[in-house]
file model_29.txt (compact mmCIF, C-alpha atoms and all ligand atoms)
# COMPACT_ATOMS: atom_id res chain seq x y z
CA MET A 1 111.33 94.41 96.07
CA LEU A 2 108.06 96.15 95.23
CA TYR A 3 109.26 96.17 91.62
CA ASP A 4 108.56 92.44 91.17
CA ASP A 5 104.82 92.69 91.80
CA LEU A 6 104.50 96.12 90.20
CA PHE A 7 106.07 94.78 87.01
CA VAL A 8 103.53 91.94 86.81
CA ASN A 9 100.54 94.10 87.75
CA LEU A 10 101.42 96.91 85.34
CA GLU A 11 102.08 94.40 82.58
CA ARG A 12 98.66 92.87 83.14
CA ALA A 13 96.92 96.27 83.02
CA ARG A 14 98.87 97.53 80.01
CA TRP A 15 97.10 98.60 76.81
CA ASN A 16 98.49 97.95 73.35
CA LEU A 17 99.40 100.95 71.19
CA SER A 18 98.58 99.30 67.86
CA ARG A 19 95.58 97.21 68.85
CA ASP A 20 93.74 99.12 71.57
CA ILE A 21 93.58 102.57 70.00
CA ASP A 22 91.06 102.76 67.19
CA TRP A 23 93.35 104.64 64.78
CA GLU A 24 91.05 104.10 61.80
CA ALA A 25 88.10 105.70 63.61
CA ILE A 26 89.74 109.14 63.99
CA GLU A 27 87.48 111.91 62.66
CA PRO A 28 89.83 114.86 62.01
CA ASP A 29 86.92 117.16 61.03
CA LYS A 30 85.70 117.11 64.61
CA LEU A 31 88.92 118.73 65.90
CA THR A 32 89.49 122.45 66.20
CA PRO A 33 92.91 124.14 65.71
CA GLY A 34 92.77 124.96 69.43
CA TRP A 35 92.49 121.29 70.40
CA ILE A 36 95.29 120.27 68.04
CA PHE A 37 97.53 122.95 69.57
CA ASP A 38 96.71 121.86 73.13
CA VAL A 39 97.23 118.15 72.39
CA ARG A 40 100.61 119.12 70.97
CA GLU A 41 101.52 120.88 74.23
CA VAL A 42 100.34 117.88 76.30
CA CYS A 43 102.37 115.56 74.05
CA LEU A 44 105.54 117.63 74.55
CA THR A 45 104.90 117.80 78.31
CA GLU A 46 104.80 113.98 78.47
CA LEU A 47 108.31 113.93 77.03
CA SER A 48 109.46 115.27 80.42
CA ALA A 49 109.49 111.66 81.67
CA LEU A 50 112.91 111.53 80.03
CA TYR A 51 114.28 114.37 82.16
CA ALA A 52 112.53 113.05 85.28
CA THR A 53 114.02 109.58 84.75
CA GLU A 54 117.48 111.06 84.57
CA MET A 55 116.74 112.79 87.91
CA PHE A 56 115.26 109.66 89.55
CA LEU A 57 118.20 107.45 88.61
CA ARG A 58 120.59 110.10 89.96
CA ASP A 59 118.75 110.99 93.21
CA PHE A 60 117.66 107.41 94.10
CA TYR A 61 121.11 106.01 93.28
CA ALA A 62 121.16 103.32 95.99
CA ASP A 63 117.45 102.44 95.81
CA ILE A 64 117.61 99.57 93.35
CA ASP A 65 113.94 98.67 93.86
CA PHE A 66 112.70 102.15 92.93
CA CYS A 67 115.16 102.56 90.03
CA SER A 68 113.95 99.22 88.65
CA PHE A 69 110.34 100.44 88.80
CA ILE A 70 111.37 103.64 86.98
CA SER A 71 112.20 101.52 83.92
CA VAL A 72 108.50 100.64 83.66
CA TRP A 73 107.31 104.15 84.49
CA PHE A 74 109.65 105.68 81.88
CA TYR A 75 108.43 103.22 79.24
CA GLU A 76 104.78 103.98 79.96
CA GLU A 77 105.25 107.77 80.06
CA MET A 78 107.17 107.76 76.78
CA LYS A 79 104.28 105.73 75.36
CA HIS A 80 102.00 108.62 76.37
CA HIS A 81 104.22 110.98 74.40
CA LEU A 82 104.19 108.54 71.46
CA VAL A 83 100.45 107.88 71.36
CA LEU A 84 99.73 111.62 71.29
CA ARG A 85 102.43 112.25 68.67
CA LYS A 86 101.00 109.48 66.45
CA TYR A 87 97.51 110.89 66.94
CA LEU A 88 98.71 114.36 65.90
CA GLU A 89 100.41 112.88 62.82
CA ARG A 90 97.12 111.23 61.83
CA VAL A 91 95.40 114.61 61.91
CA GLY A 92 98.19 116.34 59.98
CA GLU A 93 100.24 117.88 62.82
CA VAL A 94 103.85 116.76 62.77
CA ILE A 95 106.25 117.29 65.66
CA GLU A 96 109.74 117.49 64.21
CA GLU A 97 112.42 115.56 66.06
CA ALA A 98 114.77 118.52 65.57
CA GLU A 99 112.58 120.75 67.76
CA LEU A 100 112.76 118.42 70.79
CA PRO A 101 116.29 119.07 72.15
CA ARG A 102 115.34 122.71 72.79
CA LEU A 103 112.87 121.48 75.44
CA ARG A 104 115.42 119.27 77.22
CA LEU A 105 116.29 120.22 80.76
CA SER A 106 117.96 118.77 83.82
CA PHE A 107 116.27 118.99 87.20
CA ASP A 108 118.29 120.18 90.18
CA GLU A 109 119.10 117.63 92.83
CA GLY A 110 116.48 117.44 95.55
CA PRO A 111 115.54 115.36 98.60
CA ALA A 112 114.34 112.00 97.26
CA ILE A 113 111.41 111.71 99.65
CA GLU A 114 110.00 115.08 98.58
CA THR A 115 110.39 114.20 94.91
CA LEU A 116 108.53 110.95 95.51
CA THR A 117 105.69 112.74 97.31
CA MET A 118 105.47 115.41 94.62
CA HIS A 119 105.18 112.75 91.92
CA PHE A 120 102.53 110.83 93.87
CA CYS A 121 100.42 114.01 94.06
CA GLY A 122 101.25 114.94 90.46
CA GLU A 123 100.02 111.62 89.07
CA GLN A 124 96.72 111.99 90.94
CA ARG A 125 96.28 115.50 89.60
CA LEU A 126 97.20 114.62 86.02
CA ALA A 127 94.71 111.72 86.06
CA HIS A 128 92.06 114.22 87.14
CA TRP A 129 92.97 116.63 84.33
CA TYR A 130 93.07 113.91 81.67
CA THR A 131 89.67 112.63 82.79
CA ALA A 132 88.29 116.13 82.20
CA PHE A 133 90.02 116.39 78.80
CA SER A 134 88.56 113.00 77.89
CA ALA A 135 85.06 114.20 78.79
CA ASN A 136 85.44 117.42 76.78
CA ALA A 137 87.48 116.47 73.70
CA PRO A 138 85.42 116.88 70.54
CA GLU A 139 86.85 113.82 68.77
CA PRO A 140 86.03 110.25 69.92
CA VAL A 141 89.49 108.67 69.56
CA LEU A 142 91.08 111.57 71.43
CA ARG A 143 88.51 111.02 74.19
CA GLN A 144 89.54 107.36 74.30
CA ILE A 145 93.26 108.23 74.44
CA PHE A 146 92.85 110.65 77.35
CA LYS A 147 90.80 108.02 79.16
CA VAL A 148 93.52 105.36 78.92
CA LEU A 149 96.19 107.91 79.87
CA ALA A 150 94.19 108.91 82.96
CA ALA A 151 93.97 105.26 84.03
CA ASP A 152 97.76 104.88 83.59
CA GLU A 153 98.45 108.01 85.66
CA LEU A 154 96.27 106.66 88.48
CA ARG A 155 98.18 103.37 88.42
CA HIS A 156 101.45 105.33 88.56
CA GLY A 157 100.09 107.24 91.56
CA ALA A 158 99.31 103.90 93.27
CA ALA A 159 102.87 102.70 92.59
CA TYR A 160 104.38 105.88 94.08
CA ALA A 161 102.11 105.34 97.10
CA LYS A 162 103.65 101.90 97.61
CA TYR A 163 107.15 103.45 97.64
CA LEU A 164 106.01 106.11 100.12
CA ARG A 165 104.63 103.39 102.43
CA LYS A 166 107.91 101.51 102.16
CA ALA A 167 109.88 104.69 102.93
CA VAL A 168 107.87 105.37 106.10
CA ARG A 169 108.11 101.72 107.17
CA ASN A 170 111.90 101.76 106.80
CA LYS A 171 112.45 105.26 108.14
CA PRO A 172 109.51 106.74 110.11
CA GLU A 173 111.34 110.08 110.51
CA VAL A 174 110.63 110.92 106.83
CA LEU A 175 106.92 111.32 107.58
CA PRO A 176 106.93 115.09 108.32
CA ALA A 177 108.71 115.84 105.02
CA ILE A 178 106.09 113.78 103.15
CA LEU A 179 103.20 115.55 104.86
CA ARG A 180 104.72 118.99 104.26
CA MET A 181 105.20 118.29 100.55
CA ALA A 182 101.67 116.87 100.28
CA LEU A 183 100.31 120.05 101.89
CA TRP A 184 102.31 122.22 99.50
CA MET A 185 101.08 120.21 96.50
CA ILE A 186 97.45 120.28 97.66
CA ARG A 187 97.53 124.09 97.71
CA THR A 188 97.04 124.65 94.00
CA THR A 189 94.90 126.86 91.78
CA ASN A 190 93.91 126.82 88.13
CA ASP A 191 96.06 129.91 87.61
CA ASN A 192 99.08 128.32 89.26
CA PRO A 193 98.56 124.58 88.82
CA LYS A 194 101.13 122.49 90.67
CA HIS A 195 102.60 119.49 88.90
CA PRO A 196 106.22 118.27 88.60
CA THR A 197 106.25 119.77 85.08
CA THR A 198 105.26 123.27 86.30
CA VAL A 199 107.02 123.87 89.61
CA THR A 200 110.74 123.99 88.79
CA GLU A 201 112.68 126.98 87.46
CA PRO A 202 112.73 126.74 84.49
CA SER A 203 109.87 124.26 84.30
CA VAL A 204 109.09 121.82 81.50
CA VAL A 205 105.91 123.73 80.67
CA SER A 206 107.66 127.14 80.73
CA LEU A 207 109.72 126.07 77.70
CA LEU A 208 106.68 125.31 75.55
CA GLU A 209 105.22 127.62 72.95
CA ASP A 210 102.33 128.44 75.32
CA PRO A 211 103.55 128.15 78.95
CA HIS A 212 100.00 128.93 80.11
CA TYR A 213 98.25 126.13 78.23
CA ILE A 214 97.44 124.12 81.39
CA ARG A 215 95.92 127.17 83.08
CA ARG A 216 93.86 127.85 79.96
CA MET A 217 92.67 124.24 79.63
CA LEU A 218 91.77 124.01 83.32
CA ASN A 219 89.79 127.24 83.21
CA MET A 220 87.91 125.81 80.22
CA TYR A 221 87.32 122.21 81.28
CA LEU A 222 87.62 122.34 85.09
CA PRO A 223 86.36 125.81 85.99
CA GLY A 224 85.77 126.81 89.60
CA ARG A 225 87.73 126.01 92.72
CA ASP A 226 86.10 122.87 94.03
CA HIS A 227 86.97 120.50 91.19
CA GLU A 228 90.13 119.41 93.05
CA ALA A 229 88.08 117.60 95.72
CA PRO A 230 88.74 114.06 94.37
CA VAL A 231 92.50 114.75 94.11
CA GLN A 232 92.56 116.11 97.66
CA ARG A 233 90.62 113.11 98.93
CA ARG A 234 93.08 110.65 97.40
CA ILE A 235 96.12 112.54 98.73
CA LEU A 236 94.59 112.87 102.21
CA ALA A 237 93.68 109.16 102.23
CA LEU A 238 97.33 108.17 101.77
CA MET A 239 98.58 110.81 104.24
CA SER A 240 96.07 109.49 106.83
CA GLU A 241 97.38 105.99 106.30
CA LEU A 242 101.02 107.05 106.60
CA ALA A 243 100.37 109.23 109.66
CA GLY A 244 98.18 106.57 111.30
CA THR A 245 95.40 109.06 111.97
CA LYS A 246 92.39 110.25 109.99
CA LEU A 247 93.12 113.49 108.11
CA SER A 248 89.91 114.67 106.45
CA SER A 249 90.89 118.20 105.49
CA VAL A 250 93.82 120.43 104.66
CA ARG A 251 93.44 121.90 108.15
CA ASP A 252 93.80 118.38 109.68
CA LEU A 253 96.95 117.89 107.64
CA LEU A 254 98.39 121.19 108.83
CA THR A 255 97.53 120.35 112.48
CA GLN A 256 99.24 116.96 112.12
CA ILE A 257 102.40 118.55 110.68
CA ARG A 258 102.53 121.06 113.58
CA ALA A 259 102.03 118.27 116.12
CA LEU A 260 104.90 116.24 114.61
CA GLU A 261 107.14 119.31 114.54
CA GLU A 262 106.40 120.05 118.21
CA THR A 263 107.19 116.44 119.16
CA ALA A 264 110.46 116.66 117.25
CA ALA A 265 111.34 119.98 118.96
CA VAL A 266 110.67 118.50 122.41
CA ALA A 267 112.81 115.47 121.56
CA VAL A 268 115.72 117.78 120.62
FE FE B 301 101.80 110.39 81.39
FE FE B 302 102.23 108.98 85.01

call {"tool": "encode", "arguments": {"input": "model_29.txt", "output": "structure tokens"}}
result
Amino acid sequence: MLYDDLFVNLERARWNLSRDIDWEAIEPDKLTPGWIFDVREVCLTELSALYATEMFLRDFYADIDFCSFISVWFYEEMKHHLVLRKYLERVGEVIEEAELPRLRLSFDEGPAIETLTMHFCGEQRLAHWYTAFSANAPEPVLRQIFKVLAADELRHGAAYAKYLRKAVRNKPEVLPAILRMALWMIRTTNDNPKHPTTVTEPSVVSLLEDPHYIRRMLNMYLPGRDHEAPVQRRILALMSELAGTKLSSVRDLLTQIRALEETAAVAV
């Protein structure tokens, strides 16, 4: 089971909530109301790990390895929610427990392999966003928090990649579905940013006070169209590996999908 090594590796890399965040160094005067509001929205978005876990345990029912890993992922994502909530409390912004059930939702059932691919891409993208928030946040401890969250999201992305490799090894016929979902996820814009928390109906983010907060933050801290290049590179690197051929661009990915579909049609 991949879970065994992932457990050890993630445990080794793990940061400590009480010791590794410099809570005493927070300088509330450096924050603006706008930043406090946005951190609040990010904090509530991280709570979606709860709804996603419910979905994973349901849709990956017989995959004991993956469900075991989800226990670690759930713990770490809830820690993201907690670290941001504690930070907000320190600067005088309290999220009331009573307001949380309103945000609760259940995801529709979907093909497990597509969900896995979407989450792999989503973790890469979120790491990219958090890195930008870390670079732009006006308060040093908030910068530190976004930096450690970005590193966690990248590690999660690497774990999802391991499960995608395992899926293709066990069942090569899932490859086209993975490539198609990766292509769909790569095609994103700041005005319609694709992440597991934005793409369902309703989505996690659509239930927040400002459903457009991600769009607004991206246009502020990651303006322009080309900033996605590192995310695309990481997604294409895994897709190349899974497909066994070098895919350097979105066009290459599309060509590969068409080639696989033609082969499948001929086989039928
Ligand atoms: Fe997270
Ligand atoms: Fe994550």

call {"tool": "residues_near_ligand", "arguments": {"input": "model_29.txt", "ligand": "ligand FE 301 (chain B)", "cutoff": "12 Å", "atoms": "all atoms listed in the file", "output": "ChimeraX atom specification"}}
result
/A:42-50,52,73-84,119,122-130,145-157,195-197

call {"tool": "closest_residue", "arguments": {"input": "model_29.txt", "among": "A:Glu114, A:Glu93, A:Glu27, A:Asp252", "to": "Leu175 (chain A)", "atoms": "all atoms listed in the file"}}
result
A:Glu114

call {"tool": "atom_distance", "arguments": {"input": "model_29.txt", "atom1": "CA of Asp20 (chain A)", "atom2": "CA of Phe7 (chain A)"}}
result
20.2 Å

call {"tool": "atom_distance", "arguments": {"input": "model_29.txt", "atom1": "CA of Leu222 (chain A)", "atom2": "CA of Trp35 (chain A)"}}
result
15.5 Å

call {"tool": "closest_residue", "arguments": {"input": "model_29.txt", "among": "A:Asn16, A:Thr115, A:Asn192, A:Asn170", "to": "Leu218 (chain A)", "atoms": "all atoms listed in the file"}}
result
A:Asn192

call {"tool": "closest_residue", "arguments": {"input": "model_29.txt", "among": "A:Val231, A:Ala237, A:Ile64, A:Ile26", "to": "Asp4 (chain A)", "atoms": "all atoms listed in the file"}}
result
A:Ile64

call {"tool": "closest_residue", "arguments": {"input": "model_29.txt", "among": "A:Asp191, A:Val72, A:Met217, A:Leu247", "to": "ligand FE 302 (chain B)", "atoms": "all atoms listed in the file"}}
result
A:Val72

call {"tool": "atom_distance", "arguments": {"input": "model_29.txt", "atom1": "CA of Ser106 (chain A)", "atom2": "CA of Glu54 (chain A)"}}
result
7.8 Å

call {"tool": "residues_near_point", "arguments": {"input": "model_29.txt", "point": "(89.6, 127.4, 88.8)", "cutoff": "12 Å", "atoms": "only C-alpha atoms", "output": "PDB file with C-alpha atoms, keeping the file's coordinate frame"}}
result
ATOM      1  CA  THR A 188      97.040 124.650  94.000  1.00  0.00           C
ATOM      2  CA  THR A 189      94.900 126.860  91.780  1.00  0.00           C
ATOM      3  CA  ASN A 190      93.910 126.820  88.130  1.00  0.00           C
ATOM      4  CA  ASP A 191      96.060 129.910  87.610  1.00  0.00           C
ATOM      5  CA  ASN A 192      99.080 128.320  89.260  1.00  0.00           C
ATOM      6  CA  PRO A 193      98.560 124.580  88.820  1.00  0.00           C
ATOM      7  CA  ILE A 214      97.440 124.120  81.390  1.00  0.00           C
ATOM      8  CA  ARG A 215      95.920 127.170  83.080  1.00  0.00           C
ATOM      9  CA  ARG A 216      93.860 127.850  79.960  1.00  0.00           C
ATOM     10  CA  MET A 217      92.670 124.240  79.630  1.00  0.00           C
ATOM     11  CA  LEU A 218      91.770 124.010  83.320  1.00  0.00           C
ATOM     12  CA  ASN A 219      89.790 127.240  83.210  1.00  0.00           C
ATOM     13  CA  MET A 220      87.910 125.810  80.220  1.00  0.00           C
ATOM     14  CA  TYR A 221      87.320 122.210  81.280  1.00  0.00           C
ATOM     15  CA  LEU A 222      87.620 122.340  85.090  1.00  0.00           C
ATOM     16  CA  PRO A 223      86.360 125.810  85.990  1.00  0.00           C
ATOM     17  CA  GLY A 224      85.770 126.810  89.600  1.00  0.00           C
ATOM     18  CA  ARG A 225      87.730 126.010  92.720  1.00  0.00           C
ATOM     19  CA  ASP A 226      86.100 122.870  94.030  1.00  0.00           C
ATOM     20  CA  HIS A 227      86.970 120.500  91.190  1.00  0.00           C
ATOM     21  CA  GLU A 228      90.130 119.410  93.050  1.00  0.00           C
TER      22      GLU A 228
END

call {"tool": "residues_around", "arguments": {"input": "model_29.txt", "residues": "Asp210 (chain A)", "least_positions_apart": "4", "cutoff": "10 Å", "atoms": "only C-alpha atoms", "output": "compact mmCIF listing (two decimals) with C-alpha atoms, keeping the file's coordinate frame"}}
result
# COMPACT_ATOMS: atom_id res chain seq x y z
CA PHE A 37 97.53 122.95 69.57
CA ASP A 38 96.71 121.86 73.13
CA GLU A 41 101.52 120.88 74.23
CA VAL A 205 105.91 123.73 80.67
CA SER A 206 107.66 127.14 80.73
CA ILE A 214 97.44 124.12 81.39
CA ARG A 216 93.86 127.85 79.96

call {"tool": "closest_residue", "arguments": {"input": "model_29.txt", "among": "A:Cys121, A:Cys67, A:Leu31, A:Ala13", "to": "ligand FE 302 (chain B)", "atoms": "all atoms listed in the file"}}
result
A:Cys121

call {"tool": "closest_residue", "arguments": {"input": "model_29.txt", "among": "A:Tyr163, A:Tyr51, A:Tyr61, A:Phe107", "to": "Met1 (chain A)", "atoms": "only C-alpha atoms"}}
result
A:Tyr163

call {"tool": "residues_around", "arguments": {"input": "model_29.txt", "residues": "Trp23 (chain A)", "least_positions_apart": "6", "cutoff": "9 Å", "atoms": "all atoms listed in the file", "output": "ChimeraX atom specification"}}
result
/A:87,90,141

call {"tool": "residues_around", "arguments": {"input": "model_29.txt", "residues": "Leu103 (chain A)", "least_positions_apart": "4", "cutoff": "8 Å", "atoms": "all atoms listed in the file", "output": "JSON, numbers by chain"}}
result
{"A": [99, 204, 207, 208]}

call {"tool": "write_last_selection", "arguments": {"input": "model_29.txt", "atoms": "C-alpha atoms", "output": "PDB file, in the frame of the given file"}}
result
ATOM      1  CA  GLU A  99     112.580 120.750  67.760  1.00  0.00           C
ATOM      2  CA  VAL A 204     109.090 121.820  81.500  1.00  0.00           C
ATOM      3  CA  LEU A 207     109.720 126.070  77.700  1.00  0.00           C
ATOM      4  CA  LEU A 208     106.680 125.310  75.550  1.00  0.00           C
TER       5      LEU A 208
END

call {"tool": "residues_around", "arguments": {"input": "model_29.txt", "residues": "Glu96 (chain A)", "least_positions_apart": "5", "cutoff": "12 Å", "atoms": "only C-alpha atoms", "output": "ChimeraX atom specification"}}
result
/A:40,44,85,88-89,101-102

call {"tool": "residues_around", "arguments": {"input": "model_29.txt", "residues": "region 261-265 of chain A", "least_positions_apart": "5", "cutoff": "12 Å", "atoms": "all atoms listed in the file", "output": "count of residues only"}}
result
10

call {"tool": "decode", "arguments": {"input": "model_29.txt", "residues": "region 226-254 of chain A", "atoms": "C-alpha atoms", "output": "PDB file, in the first residue's frame"}}
result
ATOM      1  CA  ASP A 226       1.047  33.413 -18.257  1.00  0.00           C
ATOM      2  CA  HIS A 227       1.408  32.947 -14.501  1.00  0.00           C
ATOM      3  CA  GLU A 228      -0.015  29.412 -14.787  1.00  0.00           C
ATOM      4  CA  ALA A 229       3.120  28.165 -16.589  1.00  0.00           C
ATOM      5  CA  PRO A 230       4.613  26.357 -13.544  1.00  0.00           C
ATOM      6  CA  VAL A 231       1.271  24.630 -12.808  1.00  0.00           C
ATOM      7  CA  GLN A 232       0.954  23.547 -16.443  1.00  0.00           C
ATOM      8  CA  ARG A 233       4.524  22.254 -16.458  1.00  0.00           C
ATOM      9  CA  ARG A 234       3.943  20.093 -13.385  1.00  0.00           C
ATOM     10  CA  ILE A 235       0.663  18.693 -14.743  1.00  0.00           C
ATOM     11  CA  LEU A 236       2.186  17.997 -18.174  1.00  0.00           C
ATOM     12  CA  ALA A 237       5.216  16.311 -16.549  1.00  0.00           C
ATOM     13  CA  LEU A 238       2.972  13.750 -14.835  1.00  0.00           C
ATOM     14  CA  MET A 239       0.771  13.284 -17.921  1.00  0.00           C
ATOM     15  CA  SER A 240       3.935  12.658 -20.007  1.00  0.00           C
ATOM     16  CA  GLU A 241       5.042  10.038 -17.523  1.00  0.00           C
ATOM     17  CA  LEU A 242       1.652   8.319 -17.469  1.00  0.00           C
ATOM     18  CA  ALA A 243       1.286   8.412 -21.261  1.00  0.00           C
ATOM     19  CA  GLY A 244       4.887   7.286 -21.812  1.00  0.00           C
ATOM     20  CA  THR A 245       5.559  10.116 -24.249  1.00  0.00           C
ATOM     21  CA  LYS A 246       6.779  13.687 -23.876  1.00  0.00           C
ATOM     22  CA  LEU A 247       3.884  16.174 -23.746  1.00  0.00           C
ATOM     23  CA  SER A 248       5.319  19.689 -23.687  1.00  0.00           C
ATOM     24  CA  SER A 249       2.206  21.719 -24.411  1.00  0.00           C
ATOM     25  CA  VAL A 250      -1.566  21.712 -24.157  1.00  0.00           C
ATOM     26  CA  ARG A 251      -1.619  20.999 -27.891  1.00  0.00           C
ATOM     27  CA  ASP A 252       0.556  17.870 -27.336  1.00  0.00           C
ATOM     28  CA  LEU A 253      -1.870  16.735 -24.661  1.00  0.00           C
ATOM     29  CA  LEU A 254      -4.837  17.218 -26.975  1.00  0.00           C
TER      30      LEU A 254
END
